[in-house]
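Data block for final11.txt (compact mmCIF, C-alpha atoms and all ligand atoms):
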# COMPACT_ATOMS: atom_id res chain seq x y z
CA MET A 1 82.41 102.85 116.11
CA MET A 2 82.97 99.20 115.25
CA PHE A 3 86.48 97.75 115.06
CA VAL A 4 86.16 94.61 112.99
CA ILE A 5 89.03 92.14 113.40
CA SER A 6 89.26 89.35 110.89
CA GLY A 7 91.73 86.81 109.52
CA PRO A 8 92.26 83.06 109.34
CA SER A 9 91.72 80.84 112.34
CA GLY A 10 94.86 80.85 114.51
CA CYS A 11 96.18 84.21 113.24
CA GLY A 12 95.76 85.72 116.73
CA LYS A 13 92.41 87.57 116.56
CA SER A 14 91.16 86.61 119.97
CA THR A 15 94.58 87.10 121.64
CA LEU A 16 94.81 90.61 120.19
CA ALA A 17 91.17 91.46 120.88
CA HIS A 18 91.53 90.43 124.54
CA HIS A 19 94.66 92.50 124.81
CA VAL A 20 93.10 95.76 123.62
CA LEU A 21 89.96 95.18 125.68
CA ALA A 22 92.17 95.09 128.78
CA ALA A 23 94.58 97.82 127.69
CA LEU A 24 92.25 100.52 126.36
CA PRO A 25 89.22 102.21 127.92
CA ARG A 26 85.72 102.45 126.38
CA LEU A 27 85.88 99.19 124.44
CA ALA A 28 83.39 96.34 124.55
CA PHE A 29 83.52 92.89 122.95
CA SER A 30 80.68 91.90 120.66
CA VAL A 31 79.61 88.44 121.80
CA SER A 32 78.52 86.37 118.80
CA HIS A 33 75.88 83.68 118.55
CA THR A 34 77.09 80.29 117.39
CA THR A 35 75.82 76.78 116.84
CA ARG A 36 79.24 75.27 117.49
CA PRO A 37 79.63 73.27 120.71
CA ARG A 38 81.09 75.08 123.69
CA ARG A 39 84.81 74.45 124.26
CA GLU A 40 86.23 73.81 127.68
CA GLY A 41 86.76 77.09 129.49
CA GLU A 42 84.32 79.06 127.34
CA GLU A 43 81.51 80.91 129.09
CA GLU A 44 77.97 81.43 127.84
CA GLY A 45 77.38 85.14 127.21
CA LYS A 46 81.06 85.98 127.57
CA ASP A 47 82.77 84.12 124.72
CA TYR A 48 79.64 83.26 122.74
CA TYR A 49 75.90 82.76 123.06
CA PHE A 50 75.60 79.05 122.32
CA VAL A 51 72.37 78.26 120.48
CA GLY A 52 70.86 75.41 118.48
CA LYS A 53 70.54 75.53 114.70
CA GLU A 54 66.77 76.12 114.92
CA GLU A 55 67.19 79.14 117.15
CA PHE A 56 69.89 80.50 114.84
CA GLU A 57 67.67 80.04 111.80
CA ARG A 58 64.84 81.83 113.59
CA MET A 59 67.19 84.75 114.21
CA ILE A 60 68.01 84.87 110.48
CA ALA A 61 64.31 84.69 109.51
CA GLU A 62 63.43 87.49 111.94
CA SER A 63 66.29 89.69 110.63
CA ARG A 64 67.83 89.84 114.09
CA LEU A 65 71.39 89.42 112.82
CA ALA A 66 73.65 92.24 111.67
CA GLU A 67 75.73 89.63 109.82
CA TRP A 68 76.13 85.88 109.82
CA ALA A 69 78.12 83.13 108.10
CA VAL A 70 78.76 79.42 108.11
CA VAL A 71 82.33 78.87 109.26
CA HIS A 72 83.91 75.41 109.49
CA GLY A 73 80.44 73.84 109.30
CA ASN A 74 78.88 75.91 112.10
CA HIS A 75 76.75 79.04 112.07
CA TYR A 76 78.15 82.24 113.56
CA GLY A 77 76.51 85.65 113.71
CA THR A 78 76.42 89.06 115.37
CA SER A 79 73.00 90.10 116.59
CA LYS A 80 71.79 93.65 116.05
CA ARG A 81 70.83 93.72 119.73
CA GLU A 82 74.41 92.88 120.75
CA LEU A 83 75.76 95.83 118.76
CA GLU A 84 73.19 98.17 120.33
CA LEU A 85 73.83 96.83 123.81
CA ARG A 86 77.64 96.91 123.66
CA GLY A 87 77.76 100.20 121.80
CA ALA A 88 75.71 101.95 124.50
CA SER A 89 77.30 104.45 126.90
CA ASP A 90 79.87 105.76 124.46
CA LYS A 91 81.75 102.49 123.95
CA ASP A 92 83.39 101.28 120.76
CA VAL A 93 82.74 97.68 119.88
CA ILE A 94 85.28 95.03 118.86
CA LEU A 95 84.04 92.30 116.53
CA ASP A 96 86.08 89.12 116.01
CA ILE A 97 84.41 87.70 112.91
CA ASP A 98 85.31 85.88 109.71
CA VAL A 99 85.87 87.59 106.36
CA GLN A 100 82.32 86.93 105.07
CA GLY A 101 80.87 88.61 108.15
CA ALA A 102 83.28 91.53 107.81
CA ARG A 103 82.11 92.04 104.22
CA GLN A 104 78.46 92.17 105.36
CA ILE A 105 79.24 94.72 108.08
CA ARG A 106 81.09 96.84 105.52
CA GLU A 107 78.07 96.78 103.19
CA ARG A 108 75.49 97.52 105.91
CA TYR A 109 77.16 99.90 108.36
CA LYS A 110 79.16 103.07 107.87
CA LYS A 111 80.81 103.05 111.26
CA GLY A 112 83.24 100.15 110.75
CA LEU A 113 87.02 100.08 110.67
CA PHE A 114 88.35 96.84 109.22
CA ILE A 115 91.54 95.23 110.46
CA PHE A 116 93.01 92.07 108.92
CA ILE A 117 95.43 89.93 110.90
CA LEU A 118 97.98 87.93 108.94
CA PRO A 119 100.23 85.25 110.45
CA PRO A 120 103.89 85.56 109.39
CA SER A 121 103.59 82.45 107.18
CA PHE A 122 101.43 79.44 106.44
CA SER A 123 103.79 77.15 108.34
CA GLN A 124 103.71 79.41 111.42
CA LEU A 125 99.92 79.40 111.30
CA LYS A 126 99.99 75.61 111.34
CA VAL A 127 102.41 75.58 114.30
CA ARG A 128 100.14 77.95 116.26
CA LEU A 129 96.99 75.95 115.58
CA VAL A 130 98.72 72.75 116.68
CA LYS A 131 100.21 74.41 119.77
CA ARG A 132 96.85 75.92 120.75
CA GLY A 133 95.78 72.32 121.22
CA GLN A 134 92.05 73.00 120.82
CA ASP A 135 91.34 71.24 117.56
CA ALA A 136 91.69 67.68 116.30
CA PRO A 137 94.13 67.14 113.38
CA ASP A 138 91.32 66.93 110.78
CA VAL A 139 89.81 70.19 112.07
CA ILE A 140 93.23 71.86 111.85
CA SER A 141 93.61 70.63 108.25
CA ARG A 142 90.21 72.13 107.36
CA ARG A 143 91.09 75.43 109.05
CA LEU A 144 94.38 75.58 107.15
CA ALA A 145 92.72 74.79 103.82
CA ARG A 146 90.21 77.55 104.47
CA ALA A 147 93.00 79.95 105.47
CA ARG A 148 94.47 79.73 101.96
CA LYS A 149 91.21 81.19 100.61
CA GLU A 150 90.51 83.61 103.46
CA ILE A 151 93.76 85.53 103.16
CA ARG A 152 92.77 86.57 99.62
CA ALA A 153 90.22 88.91 101.25
CA TYR A 154 92.96 91.17 102.69
CA PRO A 155 92.53 94.01 100.10
CA GLN A 156 89.02 94.67 101.44
CA PHE A 157 90.44 95.81 104.79
CA ASP A 158 91.62 99.21 106.00
CA TYR A 159 94.57 97.95 108.05
CA ILE A 160 96.82 94.88 108.01
CA ILE A 161 98.64 93.63 111.09
CA ILE A 162 101.32 90.99 110.56
CA ASN A 163 101.23 89.06 113.79
CA GLU A 164 104.81 87.86 113.96
CA THR A 165 105.93 89.27 117.31
CA LEU A 166 102.97 89.46 119.65
CA GLU A 167 104.17 92.63 121.38
CA THR A 168 104.45 94.48 118.05
CA ALA A 169 101.06 93.25 116.88
CA LYS A 170 99.45 94.36 120.16
CA ARG A 171 101.01 97.80 119.86
CA GLU A 172 99.86 98.11 116.26
CA LEU A 173 96.25 97.25 117.11
CA GLU A 174 96.26 99.70 120.03
CA SER A 175 97.67 102.39 117.75
CA ILE A 176 95.01 101.85 115.10
CA ILE A 177 92.24 102.25 117.68
CA VAL A 178 93.84 105.24 119.40
CA SER A 179 94.49 107.04 116.07
CA GLU A 180 90.94 106.44 114.89
CA ARG A 181 89.64 108.02 118.08
CA CYS A 182 91.75 111.14 117.44
CA ARG A 183 90.04 111.86 114.13
CA LEU A 184 88.58 115.34 113.86
CA LEU A 185 85.03 114.06 113.36
CA LYS A 186 85.23 111.90 116.51
CA ARG A 187 86.60 114.78 118.55
CA GLN A 188 83.82 117.27 117.79
CA LYS A 189 82.11 116.86 121.16
CA SER A 190 85.34 117.40 123.10
CA ILE A 191 86.43 120.32 120.94
CA ILE A 192 83.31 122.47 121.46
CA PRO A 193 83.88 123.36 125.16
CA ILE A 194 87.54 124.11 124.43
CA LEU A 195 86.62 126.45 121.58
CA ARG A 196 84.00 128.09 123.81
CA SER A 197 86.62 128.76 126.47
CA PHE A 198 88.67 130.62 123.87
CA ALA A 199 85.70 132.81 122.97
CA GLU A 200 85.19 133.91 126.57
CA PRO A 201 86.77 137.14 127.83
CA GLU A 202 89.73 136.65 130.20
P1 LIG B 301 92.35 83.20 116.49
O1 LIG B 301 91.49 83.87 117.52
O2 LIG B 301 92.64 84.07 115.31
O3 LIG B 301 91.85 81.85 116.08
P2 LIG B 301 94.26 82.89 118.70
O4 LIG B 301 94.27 84.26 119.30
O5 LIG B 301 93.52 81.82 119.41
O6 LIG B 301 93.80 82.96 117.16
O7 LIG B 301 95.79 82.47 118.50
C1 LIG B 301 96.14 81.16 118.06
C2 LIG B 301 97.31 80.62 118.92
O8 LIG B 301 98.50 81.33 118.56
C3 LIG B 301 97.10 80.84 120.41
O9 LIG B 301 97.59 79.71 121.10
C4 LIG B 301 97.94 82.09 120.72
O10 LIG B 301 98.42 82.06 122.05
C5 LIG B 301 99.08 81.95 119.71
N1 LIG B 301 99.63 83.24 119.24
C6 LIG B 301 98.95 84.36 118.90
N2 LIG B 301 99.81 85.31 118.47
C7 LIG B 301 101.05 84.78 118.54
C8 LIG B 301 102.37 85.27 118.23
N3 LIG B 301 102.58 86.50 117.75
N4 LIG B 301 103.41 84.45 118.43
C9 LIG B 301 103.22 83.19 118.90
N5 LIG B 301 102.02 82.66 119.22
C10 LIG B 301 100.94 83.45 119.03
P1 LIG B 302 86.01 79.73 116.66
O1 LIG B 302 85.10 78.56 116.44
O2 LIG B 302 87.47 79.35 116.55
O3 LIG B 302 85.69 80.50 117.93
O4 LIG B 302 85.74 80.77 115.47
C1 LIG B 302 85.84 80.35 114.15
C2 LIG B 302 85.72 81.53 113.23
O5 LIG B 302 84.42 82.11 113.33
C3 LIG B 302 86.71 82.66 113.52
O6 LIG B 302 87.28 83.07 112.27
C4 LIG B 302 85.84 83.76 114.07
O7 LIG B 302 86.36 85.04 113.77
C5 LIG B 302 84.55 83.51 113.34
N1 LIG B 302 83.41 84.12 114.02
C6 LIG B 302 83.18 84.22 115.35
N2 LIG B 302 82.05 84.88 115.59
C7 LIG B 302 81.55 85.24 114.39
C8 LIG B 302 80.39 85.98 113.98
O8 LIG B 302 79.58 86.46 114.77
N3 LIG B 302 80.21 86.13 112.65
C9 LIG B 302 81.06 85.62 111.73
N4 LIG B 302 80.80 85.89 110.45
N5 LIG B 302 82.16 84.94 112.07
C10 LIG B 302 82.40 84.75 113.39
Translate this file's structure into structure tokens.
Amino acid sequence: MMFVISGPSGCGKSTLAHHVLAALPRLAFSVSHTTRPRREGEEEGKDYYFVGKEEFERMIAESRLAEWAVVHGNHYGTSKRELELRGASDKDVILDIDVQGARQIRERYKKGLFIFILPPSFSQLKVRLVKRGQDAPDVISRRLARARKEIRAYPQFDYIIINETLETAKRELESIIVSERCRLLKRQKSIIPILRSFAEPE
């Protein structure tokens, strides 16, 4: 199962993704490839695989990407290998990707659940991007301009989380994942031994 988290930059995707990865079992983070420079504190292979544009283009040409997009002038993509690797040993995978990537996953894979994160308002989004302190003012302006377009994609998603109070948003994301795991189809394997036990004589 893939839980695809999307929404404008600064809406809280990575905060929420990190929270559920720590709070719930059997979840793995899909580490994307990107051509953007590494930020301070980011680790190769943990936050991203940092690659050059040539390497990224080779991955596209060799059909090694499950999805990819150009976001804020840099290339970002999820490799097919990453999904196989992280999805091994019964784990569900969390993808933190932009709306174009989410659309591609929806078209190509059946196993996705799509979650859109909305900030409480445009002005709050701006405050959070400024407070995060990771981007120069011109970068923040570009991210905000893009956010106006990105939020129009919300109807393509299965769930919407309004990230006003962090605690509520965390609980909502946990609940979405937990409920999805309780679906009848996902429980088949666990149900069989229980049903068998009922068929046995006392
Ligand atoms: P994204 O991954 O979507 O770009 P982040 O998770 O980096 O967004 O969040 C952007 C900033 O907003 C971070 O500094 C984060 O700590 C802060 N933040 C996230 N959610 C909330 C919230 N509900 N209230 C206040 N600040 C928040
Ligand atoms: P950042 O540079 O702030 O880490 O990420 C910028 C944007 O790129 C975010 O919206 C993030 O969700 C998106 N992104 C990160 N990885 C991928 C990916 O593999 N594919 C796509 N399509 N978008 C990604």
* From A:Gly133, A:Glu84, A:Phe29, A:Ile117, residue lying nearest Leu166 of chain A [all atoms listed in the file] -> A:Ile117
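Atom pair atom CA of Glu82 of chain A / atom CA of Ser30 of chain A: separated by 6.3 Å.
Shortest separation to Asp96 of chain A among A:Tyr49, A:Phe122, A:Phe198, A:Tyr76 occurs at residue A:Tyr76, atoms counted being all atoms listed in the file.
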Contact check, chain A to ligand LIG 301 (chain B), at most 6 Å, counting all atoms listed in the file, closest pairs as a tab-separated table:
residue	atom	partner	partner_atom	distance
A:Ser9	CA	B:LIG301	O3	3.9
A:Gly10	CA	B:LIG301	O3	3.5
A:Cys11	CA	B:LIG301	O2	4.1
A:Gly12	CA	B:LIG301	O4	3.3
A:Lys13	CA	B:LIG301	O2	3.7
A:Ser14	CA	B:LIG301	O1	3.7
A:Thr15	CA	B:LIG301	O4	3.7
A:Arg128	CA	B:LIG301	O8	4.4
A:Leu129	CA	B:LIG301	C2	5.8
A:Arg132	CA	B:LIG301	O9	3.9
A:Asn163	CA	B:LIG301	N3	4.9
A:Glu164	CA	B:LIG301	N3	4.6
A:Thr165	CA	B:LIG301	N3	4.4
A:Leu166	CA	B:LIG301	N3	3.5
* **Residue with smallest distance to ligand LIG 302 (chain B) - pool A:Leu83, A:Val99, A:Met1, A:Val93, counting all atoms listed in the file** => A:Val99
Let me have the centre and edge lengths in Å, one decimal, of the box along x, y and z around every listed atom of ligand LIG 302 (chain B) with 4 Å of margin on each side, as lines of an AutoDock Vina configuration file.
center_x = 83.5
center_y = 82.5
center_z = 114.2
size_x = 15.9
size_y = 15.9
size_z = 15.5
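Those protein and nucleic acid residues that have any atom within 6 Å of ligand LIG 302 (chain B) are, using all atoms listed in the file, Ser6, Pro8, Ser9, Ser32, His33, Trp68, Ala69, Val71, Tyr76, Gly77, Thr78, Asp96, Ile97, Asp98, Gln100 and Gly101 of chain A.
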* Tell me which protein, DNA and RNA residues are within 12 Å of Arg171 of chain A, counting only C-alpha atoms, leaving out same-chain ones fewer than 4 positions away, and put them as a ChimeraX atom specification. => /A:16-17,19-20,23-24,161-163,165-167,175-179
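When only C-alpha atoms are used to measure the gap to Lys111 of chain A, the shortest distance among A:Ala28, A:Leu185, A:Ile191, A:Ala169 belongs to A:Leu185.
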* Structure fact -> Judged by all atoms listed in the file, the minimum distance to Leu27 of chain A among A:Arg86, A:Lys126, A:Lys131, A:Lys110 is found for A:Arg86
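What separates atom CA of Pro25 of chain A from atom CA of Glu174 of chain A is a distance of 10.9 Å.
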* **Which of A:Gln156, A:Ser63, A:Ser141, A:Gln188 sits closest to Glu107 of chain A [using only C-alpha atoms]** => A:Gln156
* atom CA of Ala66 of chain A and atom CA of Gly87 of chain A are how many Å apart? -> 13.5 Å
